[in-house]
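Undergrad: Got a file for you: work-v9.cif, mmCIF, C-alpha atoms and all ligand atoms.
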data_input
#
loop_
_atom_site.label_atom_id
_atom_site.label_comp_id
_atom_site.auth_asym_id
_atom_site.auth_seq_id
_atom_site.Cartn_x
_atom_site.Cartn_y
_atom_site.Cartn_z
CA MET A 1 -37.87 -30.61 -30.47
CA LYS A 2 -40.16 -33.29 -29.01
CA GLN A 3 -43.75 -32.12 -29.08
CA PHE A 4 -44.55 -32.31 -25.40
CA VAL A 5 -47.95 -33.82 -24.74
CA PRO A 6 -49.18 -34.09 -21.16
CA GLY A 7 -50.56 -37.45 -20.21
CA ASP A 8 -51.00 -40.23 -17.72
CA LEU A 9 -48.05 -42.62 -17.88
CA ASP A 10 -49.75 -45.32 -15.85
CA ALA A 11 -52.81 -45.43 -18.14
CA ALA A 12 -50.96 -44.99 -21.45
CA VAL A 13 -48.05 -47.37 -20.85
CA ILE A 14 -48.19 -49.56 -17.76
CA GLN A 15 -51.87 -50.52 -17.96
CA GLU A 16 -51.51 -51.08 -21.72
CA GLY A 17 -48.74 -53.64 -21.15
CA LEU A 18 -46.23 -51.47 -23.01
CA CYS A 19 -43.80 -50.86 -20.14
CA ILE A 20 -40.35 -52.40 -20.68
CA GLY A 21 -39.11 -51.47 -17.19
CA CYS A 22 -36.35 -49.17 -18.47
CA GLY A 23 -36.27 -47.12 -15.27
CA ALA A 24 -36.63 -43.68 -16.92
CA CYS A 25 -39.61 -42.82 -14.69
CA ILE A 26 -37.95 -44.00 -11.45
CA HIS A 27 -36.23 -41.70 -8.92
CA LEU A 28 -37.98 -38.63 -10.32
CA CYS A 29 -40.71 -38.67 -7.66
CA PRO A 30 -41.90 -40.96 -4.84
CA TYR A 31 -44.73 -42.47 -6.90
CA PHE A 32 -43.10 -44.78 -9.46
CA GLN A 33 -41.03 -47.69 -8.19
CA SER A 34 -39.27 -50.64 -9.81
CA TYR A 35 -39.29 -53.96 -8.00
CA ARG A 36 -37.82 -57.17 -9.40
CA GLY A 37 -38.44 -56.31 -13.03
CA LYS A 38 -41.81 -54.59 -12.66
CA THR A 39 -42.53 -50.86 -12.66
CA ALA A 40 -45.58 -49.75 -10.69
CA ARG A 41 -47.21 -46.49 -9.65
CA LEU A 42 -47.70 -46.70 -5.91
CA PHE A 43 -50.10 -43.76 -5.54
CA PRO A 44 -52.07 -41.66 -8.03
CA CYS A 45 -50.36 -38.41 -8.98
CA THR A 46 -52.24 -35.27 -9.91
CA LEU A 47 -49.56 -33.81 -12.20
CA LYS A 48 -50.39 -33.97 -15.90
CA GLU A 49 -46.98 -32.75 -17.04
CA GLY A 50 -44.37 -35.02 -15.54
CA ARG A 51 -40.83 -35.80 -16.62
CA CYS A 52 -41.81 -39.47 -16.33
CA PHE A 53 -44.19 -39.13 -19.28
CA ALA A 54 -41.79 -36.98 -21.27
CA TYR A 55 -38.87 -39.42 -20.84
CA CYS A 56 -40.78 -42.69 -21.32
CA PRO A 57 -39.70 -44.43 -24.54
CA LYS A 58 -43.10 -46.07 -24.98
CA VAL A 59 -45.41 -43.09 -25.37
CA GLU A 60 -45.53 -40.11 -27.74
CA VAL A 61 -42.07 -40.86 -29.16
CA ASP A 62 -41.50 -38.31 -31.92
CA LEU A 63 -38.84 -40.08 -33.99
CA ASP A 64 -38.38 -37.10 -36.28
CA GLY A 65 -38.00 -34.68 -33.35
CA ILE A 66 -35.32 -36.85 -31.71
CA SER A 67 -33.44 -37.25 -34.99
CA ARG A 68 -33.41 -33.49 -35.60
CA PHE A 69 -32.18 -32.89 -32.05
CA LEU A 70 -29.34 -35.45 -32.22
CA PHE A 71 -28.32 -35.36 -35.86
CA GLY A 72 -29.85 -32.16 -37.25
CA LYS A 73 -31.82 -34.09 -39.86
CA ARG A 74 -35.18 -35.73 -40.28
CA TYR A 75 -35.75 -39.36 -39.35
CA ASP A 76 -35.64 -41.37 -42.55
CA SER A 77 -36.12 -45.02 -43.36
CA ALA A 78 -32.41 -46.02 -43.27
CA PRO A 79 -32.38 -49.45 -41.57
CA LEU A 80 -29.43 -48.61 -39.28
CA GLY A 81 -30.46 -45.01 -38.60
CA THR A 82 -28.08 -42.07 -38.99
CA TYR A 83 -24.37 -42.87 -38.73
CA ARG A 84 -20.90 -41.75 -39.76
CA SER A 85 -19.16 -45.11 -40.14
CA ILE A 86 -19.48 -48.78 -39.26
CA HIS A 87 -16.68 -51.17 -38.27
CA VAL A 88 -15.72 -54.52 -36.87
CA SER A 89 -14.18 -54.02 -33.41
CA ARG A 90 -12.87 -55.59 -30.22
CA ALA A 91 -11.00 -54.61 -27.06
CA GLY A 92 -7.34 -53.68 -27.71
CA GLU A 93 -4.06 -54.63 -26.01
CA LYS A 94 -4.45 -51.96 -23.29
CA VAL A 95 -7.43 -53.89 -21.88
CA LYS A 96 -6.88 -56.97 -19.74
CA LYS A 97 -8.66 -60.18 -20.76
CA SER A 98 -11.96 -60.34 -18.94
CA SER A 99 -15.50 -61.72 -19.12
CA PHE A 100 -16.97 -59.98 -22.14
CA GLN A 101 -20.11 -60.90 -24.03
CA ALA A 102 -18.37 -60.66 -27.41
CA GLY A 103 -15.29 -58.59 -28.29
CA GLY A 104 -15.36 -56.44 -25.16
CA THR A 105 -15.68 -53.19 -27.14
CA VAL A 106 -18.28 -51.75 -24.73
CA SER A 107 -16.29 -52.40 -21.56
CA ALA A 108 -13.07 -51.22 -23.25
CA LEU A 109 -14.68 -47.91 -24.28
CA MET A 110 -16.12 -47.23 -20.83
CA TYR A 111 -12.81 -48.18 -19.18
CA PHE A 112 -10.96 -45.82 -21.51
CA ALA A 113 -13.43 -42.97 -20.99
CA LEU A 114 -13.17 -43.28 -17.19
CA ARG A 115 -9.37 -43.56 -17.20
CA GLU A 116 -9.01 -40.51 -19.41
CA LYS A 117 -11.62 -38.62 -17.33
CA LEU A 118 -13.77 -38.06 -20.41
CA ILE A 119 -16.64 -39.17 -18.18
CA ARG A 120 -17.01 -38.81 -14.42
CA GLY A 121 -18.91 -42.04 -13.95
CA ALA A 122 -20.48 -44.86 -15.94
CA ILE A 123 -24.00 -46.24 -15.47
CA LEU A 124 -23.63 -49.99 -16.05
CA THR A 125 -25.79 -53.04 -15.45
CA GLY A 126 -24.43 -55.90 -13.35
CA ARG A 127 -26.48 -58.80 -11.99
CA LYS A 128 -27.26 -60.57 -8.73
CA GLU A 129 -28.26 -64.11 -9.64
CA LEU A 130 -30.54 -63.25 -12.60
CA LEU A 131 -31.69 -59.85 -11.38
CA PRO A 132 -30.06 -57.02 -13.38
CA THR A 133 -28.52 -54.48 -11.01
CA PRO A 134 -27.77 -51.09 -12.59
CA GLN A 135 -25.34 -48.81 -10.82
CA LEU A 136 -22.97 -45.88 -11.05
CA VAL A 137 -19.36 -47.03 -11.50
CA GLU A 138 -16.61 -44.50 -10.84
CA LYS A 139 -13.41 -46.57 -10.74
CA PRO A 140 -12.16 -47.72 -14.18
CA ALA A 141 -11.31 -51.28 -13.04
CA ALA A 142 -14.88 -51.76 -11.76
CA VAL A 143 -16.15 -51.63 -15.36
CA PHE A 144 -15.00 -55.23 -15.84
CA ARG A 145 -17.24 -56.49 -13.02
CA HIS A 146 -20.25 -55.35 -15.07
CA GLY A 147 -19.40 -56.94 -18.43
CA LEU A 148 -21.61 -59.58 -20.11
CA SER A 149 -25.20 -59.20 -21.37
CA LYS A 150 -28.09 -59.63 -18.98
CA TYR A 151 -30.75 -60.68 -21.44
CA THR A 152 -33.59 -59.46 -19.25
CA ALA A 153 -34.91 -55.89 -19.50
CA ALA A 154 -33.23 -53.78 -16.82
CA PRO A 155 -34.14 -50.52 -14.98
CA THR A 156 -30.77 -49.02 -15.96
CA LEU A 157 -32.15 -45.47 -16.24
CA ALA A 158 -33.23 -45.49 -12.59
CA ALA A 159 -29.51 -45.47 -11.74
CA LEU A 160 -28.99 -42.59 -14.19
CA ASN A 161 -31.78 -40.54 -12.56
CA GLU A 162 -30.36 -41.32 -9.11
CA ALA A 163 -26.86 -40.19 -10.14
CA ILE A 164 -28.24 -36.97 -11.65
CA GLU A 165 -30.24 -36.32 -8.48
CA LYS A 166 -26.97 -36.56 -6.51
CA GLY A 167 -25.46 -33.91 -8.76
CA CYS A 168 -23.35 -36.15 -11.05
CA ASP A 169 -22.77 -34.97 -14.60
CA ASN A 170 -20.54 -35.98 -17.52
CA LEU A 171 -21.87 -39.50 -17.32
CA GLY A 172 -21.34 -42.46 -19.61
CA ILE A 173 -24.13 -45.01 -19.92
CA VAL A 174 -24.68 -48.37 -21.64
CA VAL A 175 -28.27 -48.88 -22.80
CA THR A 176 -30.62 -50.93 -24.94
CA PRO A 177 -32.31 -49.14 -27.90
CA CYS A 178 -35.49 -48.27 -25.96
CA GLN A 179 -33.34 -46.86 -23.17
CA ALA A 180 -31.31 -44.86 -25.71
CA THR A 181 -34.59 -43.32 -26.87
CA ALA A 182 -35.46 -42.34 -23.29
CA VAL A 183 -31.99 -40.84 -22.74
CA ALA A 184 -32.31 -38.81 -25.97
CA GLN A 185 -35.67 -37.48 -24.76
CA MET A 186 -34.14 -36.55 -21.38
CA ARG A 187 -31.35 -34.69 -23.17
CA MET A 188 -33.93 -32.65 -25.10
CA ASN A 189 -35.00 -30.96 -21.85
CA PRO A 190 -38.67 -31.52 -22.69
CA MET A 191 -39.91 -29.62 -19.62
CA GLY A 192 -37.96 -26.52 -20.67
CA ASN A 193 -36.06 -26.30 -17.38
CA PRO A 194 -33.90 -23.12 -17.68
CA SER A 195 -31.03 -24.56 -15.58
CA PHE A 196 -30.95 -27.88 -17.48
CA GLU A 197 -27.57 -29.28 -18.54
CA ASP A 198 -27.06 -32.47 -20.53
CA PRO A 199 -25.93 -35.02 -17.90
CA THR A 200 -24.43 -37.40 -20.45
CA ALA A 201 -21.06 -37.37 -22.18
CA LEU A 202 -21.23 -40.80 -23.86
CA VAL A 203 -24.22 -43.01 -24.65
CA ILE A 204 -23.33 -46.52 -25.86
CA GLY A 205 -26.29 -48.45 -27.24
CA LEU A 206 -26.48 -52.24 -27.52
CA PHE A 207 -28.13 -53.96 -30.47
CA CYS A 208 -31.33 -55.64 -29.33
CA THR A 209 -33.85 -57.87 -31.06
CA TRP A 210 -35.72 -58.53 -27.83
CA ALA A 211 -35.17 -58.81 -24.09
CA LEU A 212 -36.69 -61.27 -21.63
CA ASP A 213 -39.18 -60.54 -18.88
CA PHE A 214 -37.17 -60.93 -15.66
CA ARG A 215 -39.86 -62.66 -13.62
CA ARG A 216 -40.81 -65.14 -16.34
CA PHE A 217 -37.18 -65.93 -17.18
CA GLU A 218 -36.28 -66.41 -13.52
CA ALA A 219 -39.21 -68.78 -12.97
CA PHE A 220 -38.24 -70.73 -16.11
CA LEU A 221 -34.54 -71.08 -15.27
CA ALA A 222 -35.08 -71.75 -11.56
CA GLN A 223 -36.71 -75.06 -12.57
CA GLU A 224 -33.65 -76.03 -14.60
CA VAL A 225 -30.52 -74.75 -12.77
CA PRO A 226 -29.38 -73.32 -9.42
CA LEU A 227 -29.48 -69.58 -10.28
CA LYS A 228 -26.48 -68.83 -8.02
CA GLU A 229 -24.26 -71.01 -10.22
CA ILE A 230 -24.90 -69.20 -13.51
CA VAL A 231 -21.69 -67.75 -14.88
CA ARG A 232 -22.82 -66.50 -18.25
CA ILE A 233 -25.77 -66.53 -20.65
CA ASP A 234 -25.45 -66.27 -24.41
CA ILE A 235 -27.67 -66.19 -27.47
CA PRO A 236 -25.31 -67.07 -30.31
CA PRO A 237 -26.16 -65.63 -33.74
CA PRO A 238 -28.20 -67.68 -36.26
CA PRO A 239 -28.43 -70.39 -37.38
CA ALA A 240 -27.94 -71.64 -33.76
CA SER A 241 -31.44 -70.57 -32.54
CA VAL A 242 -30.62 -71.41 -28.90
CA LEU A 243 -30.03 -69.75 -25.54
CA GLU A 244 -26.98 -71.08 -23.71
CA VAL A 245 -26.56 -71.03 -19.94
CA TYR A 246 -23.02 -71.59 -18.67
CA LEU A 247 -22.37 -72.95 -15.19
CA GLN A 248 -18.86 -73.46 -13.81
CA ASP A 249 -18.39 -76.88 -15.47
CA GLU A 250 -21.48 -77.33 -17.57
CA LYS A 251 -23.42 -75.75 -20.40
CA LEU A 252 -27.19 -76.02 -20.80
CA VAL A 253 -28.78 -75.30 -24.16
CA PHE A 254 -32.42 -74.25 -24.62
CA PRO A 255 -34.09 -73.95 -28.02
CA LEU A 256 -35.27 -70.37 -28.66
CA ASP A 257 -38.79 -71.72 -29.21
CA LYS A 258 -38.90 -72.36 -25.44
CA ILE A 259 -37.51 -68.90 -24.66
CA ARG A 260 -39.59 -66.69 -26.98
CA PRO A 261 -42.74 -66.94 -24.82
CA LEU A 262 -40.73 -65.18 -22.09
CA VAL A 263 -40.30 -62.03 -24.22
CA PRO A 264 -42.62 -59.20 -23.10
CA ASP A 265 -45.23 -58.16 -25.64
CA THR A 266 -43.87 -54.63 -25.82
CA CYS A 267 -40.70 -55.77 -27.63
CA GLY A 268 -42.93 -56.77 -30.55
CA TYR A 269 -43.84 -53.09 -31.11
CA CYS A 270 -40.23 -51.89 -31.01
CA PRO A 271 -38.75 -50.69 -34.33
CA ASP A 272 -35.12 -50.15 -33.27
CA MET A 273 -32.56 -52.95 -33.45
CA THR A 274 -29.34 -50.93 -33.41
CA ALA A 275 -29.89 -48.20 -30.78
CA GLU A 276 -30.26 -45.46 -33.37
CA PHE A 277 -30.23 -42.65 -30.79
CA ALA A 278 -26.91 -43.56 -29.12
CA ASP A 279 -23.49 -41.99 -29.77
CA LEU A 280 -22.03 -45.43 -30.51
CA SER A 281 -23.97 -48.65 -31.05
CA VAL A 282 -22.43 -52.08 -30.46
CA GLY A 283 -23.57 -55.62 -31.24
CA VAL A 284 -22.11 -59.05 -31.92
CA LEU A 285 -20.51 -59.56 -35.33
CA GLU A 286 -22.44 -62.21 -37.24
CA GLY A 287 -20.39 -65.40 -37.49
CA ARG A 288 -17.74 -64.16 -35.00
CA GLY A 289 -18.93 -64.39 -31.41
CA ASP A 290 -15.62 -62.92 -30.19
CA MET A 291 -15.94 -59.71 -32.20
CA ASN A 292 -18.29 -56.73 -32.28
CA THR A 293 -19.93 -54.54 -34.84
CA ILE A 294 -19.69 -50.85 -33.89
CA ILE A 295 -21.69 -48.03 -35.46
CA ILE A 296 -20.27 -44.55 -34.94
CA ARG A 297 -23.13 -42.04 -35.00
CA THR A 298 -22.24 -38.71 -33.41
CA GLU A 299 -19.30 -36.33 -33.31
CA ARG A 300 -18.63 -36.95 -29.60
CA GLY A 301 -18.92 -40.72 -30.13
CA GLU A 302 -16.44 -40.54 -32.99
CA ARG A 303 -13.94 -38.50 -30.95
CA ILE A 304 -13.96 -41.04 -28.10
CA ALA A 305 -13.87 -44.14 -30.31
CA ARG A 306 -11.00 -42.83 -32.48
CA GLU A 307 -8.95 -41.76 -29.45
CA ALA A 308 -9.56 -45.15 -27.79
CA GLU A 309 -8.32 -46.77 -31.00
CA ARG A 310 -5.26 -44.50 -31.21
CA GLN A 311 -4.28 -45.36 -27.62
CA GLY A 312 -4.78 -49.13 -28.08
CA TYR A 313 -7.98 -49.60 -26.03
CA ILE A 314 -10.04 -50.81 -28.98
CA ILE A 315 -9.29 -52.16 -32.44
CA LEU A 316 -11.35 -50.97 -35.40
CA GLU A 317 -11.34 -52.80 -38.70
CA GLU A 318 -13.23 -52.44 -41.92
CA MET A 319 -16.68 -54.04 -41.93
CA PRO A 320 -17.09 -56.64 -44.68
CA GLN A 321 -19.88 -55.57 -47.06
CA GLU A 322 -21.64 -58.91 -46.64
CA ASN A 323 -21.94 -58.36 -42.85
CA ARG A 324 -23.20 -54.83 -43.30
CA GLU A 325 -25.84 -55.90 -45.79
CA HIS A 326 -27.04 -58.65 -43.50
CA LEU A 327 -27.25 -56.29 -40.53
CA GLU A 328 -29.24 -53.78 -42.62
CA TRP A 329 -31.57 -56.54 -43.68
CA ALA A 330 -32.20 -57.69 -40.11
CA ALA A 331 -32.66 -54.11 -38.82
CA ALA A 332 -35.06 -53.21 -41.66
CA ASN A 333 -37.06 -56.29 -40.87
CA LYS A 334 -37.39 -55.42 -37.17
CA LYS A 335 -38.39 -51.86 -38.08
CA ARG A 336 -41.12 -53.11 -40.39
CA ARG A 337 -42.44 -55.63 -37.85
CA GLY A 338 -42.51 -52.99 -35.09
CA LEU A 339 -44.34 -50.45 -37.22
CA LEU A 340 -46.90 -52.94 -38.48
CA ARG A 341 -47.62 -54.18 -34.97
CA SER A 342 -47.88 -50.63 -33.62
CA ARG A 343 -50.18 -49.58 -36.45
CA GLU A 344 -52.45 -52.58 -35.92
CA ALA A 345 -52.77 -51.64 -32.24
CA GLY A 346 -53.49 -47.97 -33.05
CA LYS A 347 -50.16 -47.01 -31.48
CA LEU A 348 -48.57 -45.43 -34.56
CA ASN A 349 -49.71 -41.81 -34.97
CA GLY A 350 -52.64 -42.75 -32.71
CA GLU A 351 -54.60 -40.94 -30.03
CA GLU A 352 -52.82 -37.98 -28.45
CA GLY A 353 -51.26 -38.88 -25.10
CA LYS A 354 -51.70 -42.61 -25.73
CA THR A 355 -49.83 -43.42 -28.92
CA TYR A 356 -46.41 -45.10 -28.88
CA MET A 357 -44.77 -43.38 -31.88
CA ARG A 358 -45.21 -40.53 -34.30
CA LEU A 359 -43.73 -40.62 -37.80
CA SER A 360 -44.58 -39.14 -41.20
CA ALA A 361 -46.73 -41.24 -43.54
CA GLU A 362 -44.01 -40.98 -46.22
CA VAL A 363 -41.30 -42.54 -43.98
CA ILE A 364 -43.70 -45.21 -42.72
CA ASP A 365 -44.33 -46.25 -46.34
CA GLU A 366 -40.58 -46.39 -47.07
CA ILE A 367 -39.91 -48.54 -43.99
CA LEU A 368 -42.71 -50.95 -44.86
CA ILE A 369 -41.23 -51.40 -48.34
CA ASN A 370 -37.56 -51.66 -47.14
CA GLY A 371 -38.22 -54.42 -44.62
CA LYS A 372 -40.36 -56.54 -46.88
CA GLU A 373 -38.21 -59.67 -47.03
CA ASP A 374 -37.90 -61.84 -43.96
CA ALA A 375 -34.36 -61.64 -42.61
CA PRO A 376 -32.66 -64.42 -40.65
CA CYS A 377 -31.83 -62.48 -37.45
CA HIS A 378 -31.19 -63.06 -33.74
CA THR A 379 -34.70 -64.38 -33.16
C1 LIG B 401 -31.28 -57.54 -23.87
C2 LIG B 401 -30.15 -57.60 -24.87
C3 LIG B 401 -30.41 -58.06 -26.17
C4 LIG B 401 -29.38 -58.09 -27.12
N1 LIG B 401 -29.65 -58.51 -28.42
C5 LIG B 401 -28.68 -58.47 -29.35
C6 LIG B 401 -28.94 -58.81 -30.71
O1 LIG B 401 -30.07 -59.16 -31.06
N2 LIG B 401 -27.93 -58.75 -31.63
C7 LIG B 401 -26.66 -58.36 -31.25
O2 LIG B 401 -25.77 -58.30 -32.11
N3 LIG B 401 -26.38 -58.00 -29.99
C8 LIG B 401 -27.35 -58.04 -29.04
N4 LIG B 401 -27.08 -57.65 -27.74
C9 LIG B 401 -25.76 -57.04 -27.45
C10 LIG B 401 -24.69 -58.06 -27.19
O3 LIG B 401 -25.20 -59.09 -26.35
C11 LIG B 401 -23.48 -57.39 -26.48
O4 LIG B 401 -23.92 -56.68 -25.36
C12 LIG B 401 -22.75 -56.41 -27.35
O5 LIG B 401 -22.32 -57.03 -28.53
C13 LIG B 401 -21.54 -55.82 -26.63
O6 LIG B 401 -20.58 -56.81 -26.48
P1 LIG B 401 -19.27 -56.53 -25.61
O7 LIG B 401 -18.43 -57.75 -25.58
O8 LIG B 401 -18.66 -55.26 -26.08
O9 LIG B 401 -19.95 -56.28 -24.16
P2 LIG B 401 -19.27 -56.25 -22.73
O10 LIG B 401 -17.95 -55.60 -22.79
O11 LIG B 401 -19.38 -57.61 -22.11
O12 LIG B 401 -20.26 -55.23 -21.96
C14 LIG B 401 -21.63 -55.48 -21.87
C15 LIG B 401 -22.28 -54.21 -21.35
O13 LIG B 401 -23.69 -54.34 -21.45
C16 LIG B 401 -24.33 -53.74 -20.34
N5 LIG B 401 -25.57 -54.49 -20.14
C17 LIG B 401 -25.70 -55.81 -19.93
N6 LIG B 401 -26.97 -56.15 -19.85
C18 LIG B 401 -27.69 -55.03 -20.01
C19 LIG B 401 -29.09 -54.75 -20.03
N7 LIG B 401 -30.01 -55.71 -19.88
N8 LIG B 401 -29.49 -53.46 -20.21
C20 LIG B 401 -28.56 -52.47 -20.36
N9 LIG B 401 -27.22 -52.69 -20.35
C21 LIG B 401 -26.80 -53.96 -20.18
C22 LIG B 401 -23.33 -53.87 -19.19
O14 LIG B 401 -23.43 -52.74 -18.35
C23 LIG B 401 -21.98 -53.88 -19.90
O15 LIG B 401 -21.41 -52.60 -19.86
C24 LIG B 401 -28.08 -57.67 -26.74
C25 LIG B 401 -27.83 -57.22 -25.44
C26 LIG B 401 -28.85 -57.18 -24.50
C27 LIG B 401 -28.55 -56.69 -23.10
S1 LIG B 402 -40.37 -44.89 -18.43
FE1 LIG B 402 -39.69 -47.01 -18.70
S2 LIG B 402 -40.19 -47.99 -16.73
FE2 LIG B 402 -41.38 -46.07 -16.81
S3 LIG B 402 -43.38 -46.62 -17.72
FE3 LIG B 402 -42.07 -45.99 -19.43
S4 LIG B 402 -41.14 -47.94 -20.16
FE4 LIG B 402 -41.97 -48.32 -18.10
S1 LIG B 403 -36.74 -55.03 -28.23
FE1 LIG B 403 -36.94 -52.80 -28.03
S2 LIG B 403 -38.33 -52.54 -26.29
FE2 LIG B 403 -37.55 -54.63 -26.16
S3 LIG B 403 -35.74 -54.45 -24.82
FE3 LIG B 403 -35.02 -54.32 -26.96
S4 LIG B 403 -34.94 -52.13 -27.36
FE4 LIG B 403 -36.23 -52.39 -25.54
#
The structure given in the file should be rewritten as structure tokens.
Ligand SMILES: Cc1cc2nc3c(=O)[nH]c(=O)nc-3n(C[C@H](O)[C@H](O)[C@H](O)COP(=O)(O)OP(=O)(O)OC[C@H]3O[C@@H](n4cnc5c(N)ncnc54)[C@H](O)[C@@H]3O)c2cc1C
Ligand code: SF4
Ligand code: SF4
TA:
Amino acid sequence: MKQFVPGDLDAAVIQEGLCIGCGACIHLCPYFQSYRGKTARLFPCTLKEGRCFAYCPKVEVDLDGISRFLFGKRYDSAPLGTYRSIHVSRAGEKVKKSSFQAGGTVSALMYFALREKLIRGAILTGRKELLPTPQLVEKPAAVFRHGLSKYTAAPTLAALNEAIEKGCDNLGIVVTPCQATAVAQMRMNPMGNPSFEDPTALVIGLFCTWALDFRRFEAFLAQEVPLKEIVRIDIPPPPASVLEVYLQDEKLVFPLDKIRPLVPDTCGYCPDMTAEFADLSVGVLEGRGDMNTIIIRTERGERIAREAERQGYIILEEMPQENREHLEWAAANKKRRGLLRSREAGKLNGEEGKTYMRLSAEVIDEILINGKEDAPCHT
């Protein structure tokens, strides 16, 4: 179980520049609000034991506690986290062609889960111009209006909190790795509420090397293109090293060197590339922009993915060893970078109520050795 430590979220995370704007602290009380990519505390709060602090994925994250809760085992140094199997995947013949970022596995799984009533609603992230707009989707066909990656950090979990507040349960949600950490902490009932029930039935995590700061990215792109006309944004896998912006009849290409300064500092501390605390984790298959990699982690994730495959909603194939090794290499490298950065800043096993992560010295050593070689990855 997460060791619950009372603390001041504003001082420990927001003022320290560690907030990623995930939305986990929004809609719990009137004090925290998210506005155009920024989370702010409007008024001081006297509570020292809030759900906001307990859910936040940027303070007092007990990696071992979460791993024991989700998988019944300690957090070890495995680059991809705990999993049952790993595959190449894409949407199957039961899913109409639509705008997907890669193979459409994520949208296909959420569509299937809604159609089969395995979930009551799905928390997805659409966009208005560049602004990510998370919301609860209840009709299966509406899933396809929320496809495609919004490469800016999004307050997706604010929509989850709002849905829970309205009494929704059995929810599916698509999240980045930091958001998957927050959701896992929510599911641990850290405040010990006796009437607590897990509101989630399926957590799909996206691979993530970094996200962009919404305000900085908007200001950058607004100088280059009419934001209303953007159809799609892509960061193709290496060796491309570019960000592509698609308009109706045109494609603009920006070198990643111009884009990296728009990444918030907090992503540099993050050790998780593959959403280790999700039921299923999905990314782009290296070398095949129209296919996904899917990592099956939990029993409930496996049940849904296998049934979706059996009914023709997704296709699962064997993962070539070369791809798996490369993914492990990239993930190990991100883990090492995140831990080193956190340690340098005193945010790894640091001051109580202020540290980012807690992890045993033995596992830290293993991770630092595993990720020693520089991997060519999404950055
Ligand atoms: C910020 C970010 C960084 C990423 N970095 C990598 C990477 O380094 N390597 C890699 O392999 N893959 C990365 N991905 C994942 C990749 O872009 C695809 O989302 C993934 O492969 C699923 O493809 P798909 O065709 O199944 O998705 P689709 O079927 O098109 O569905 C995409 C889903 O993502 C959700 N979504 C979109 N934007 C966000 C967001 N900002 N926050 C939360 N949910 C969102 C939508 O709700 C939708 O359900 C990243 C995604 C994001 C959002
Ligand atoms: S919960 Fe999310 S939005 Fe709130 S302070 Fe933490 S990182 Fe920021
Ligand atoms: S790099 Fe980490 S902190 Fe940044 S958006 Fe991705 S998962 Fe969140």
Undergrad: Do you know which residues are within 8 Å of ligand LIG 401 (chain B) using only C-alpha atoms and all ligand atoms? Can you write them as a ChimeraX atom specification?
TA: /A:90-91,99-108,110,123-126,132,134,143-144,146-156,173-176,179,206-212,234-235,237,273,282-286,290-293,377-379
Undergrad: Return as number ranges by chain every polymer residue, whether protein, DNA or RNA, with at least one atom no more than 9 Å from an atom of ligand LIG 402 (chain B); count all atoms listed in the file.
TA: A: 9-10, 12-14, 18-26, 32-34, 38-41, 52-59, 155, 157-158, 178-179, 182
Undergrad: Env of segment 332-339 of chain A: 7 Å cut, atoms = all atoms listed in the file, seq-sep filter 2 positions within chain, self excluded. Answer as a ChimeraX atom specification.
TA: /A:79,268-273,328-330,341-343,367-368,370-372,374-375
Undergrad: Using all atoms listed in the file, give me every residue within 8 Å of (-33.3, -43.6, -31.3) in file coordinates, as a PyMOL selection string.
TA: chain A and resi 63+66-67+81+177-178+180-181+184+272+275-278
Undergrad: Kindly list the centre and edge lengths in Å, rounded to one decimal, for the axis-aligned box that covers all listed atoms of ligand LIG 403 (chain B) plus 3 Å on each of its six sides, as AutoDock Vina command-line options.
TA:
--center_x -36.6 --center_y -53.6 --center_z -26.5 --size_x 9.4 --size_y 8.9 --size_z 9.4
Undergrad: With distances taken over all atoms listed in the file, which of A:Gly350, A:Pro199, A:Pro236, A:Gly17 is nearest to Lys166 of chain A?
TA: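 When distances to Lys166 of chain A are compared using all atoms listed in the file, the smallest one comes from A:Pro199.
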Undergrad: Any idea what the distance is between atom CA of Arg68 of chain A and atom CA of Ile204 of chain A?
TA: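 Atom CA of Ile204 of chain A lies 19.1 Å from atom CA of Arg68 of chain A.
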Undergrad: Which residue is closest to Phe220 of chain A? Choose from A:Val242, A:Thr200, A:Arg260, A:Pro190 and count only C-alpha atoms.
TA: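 Answer, going by the shortest atom-to-atom distance: A:Arg260.
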Undergrad: Once you count all atoms listed in the file, which residues end up no further than 10 Å from (-39.8, -36.1, -31.9) in the file's frame, shown as a list in words?
TA: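 Residues satisfying the cut-off, written out: Met1, Lys2, Gln3, Phe4, Glu60, Val61, Asp62, Leu63, Asp64, Gly65, Ile66, Ser67, Arg68, Phe69, Arg74, Tyr75, Ala184, Gln185, Met188, Met357, Arg358 and Leu359 of chain A.
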Undergrad: Separation of atom CA of Phe112 of chain A and atom CA of Thr274 of chain A, in Å?
TA: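 These atoms are spaced 22.5 Å apart.
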Undergrad: Could you tell me how far atom CA of Thr46 of chain A sits from atom CA of Pro264 of chain A, in Å to one decimal place?
TA: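 Calculated distance between atom CA of Pro264 of chain A and atom CA of Thr46 of chain A is 29.0 Å.
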Undergrad: Using all atoms listed in the file, which of the listed residues (A:Lys228, A:Asp265, A:Arg310, A:Asp365) sits closest to Arg127 of chain A?
TA: A:Lys228
Undergrad: Looking at all atoms listed in the file, which of A:Asp213, A:Lys128, A:Lys251, A:Glu229 is the one that sits closest to Arg145 of chain A?
TA: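 Using all atoms listed in the file, the shortest distance to Arg145 of chain A belongs to A:Lys128.
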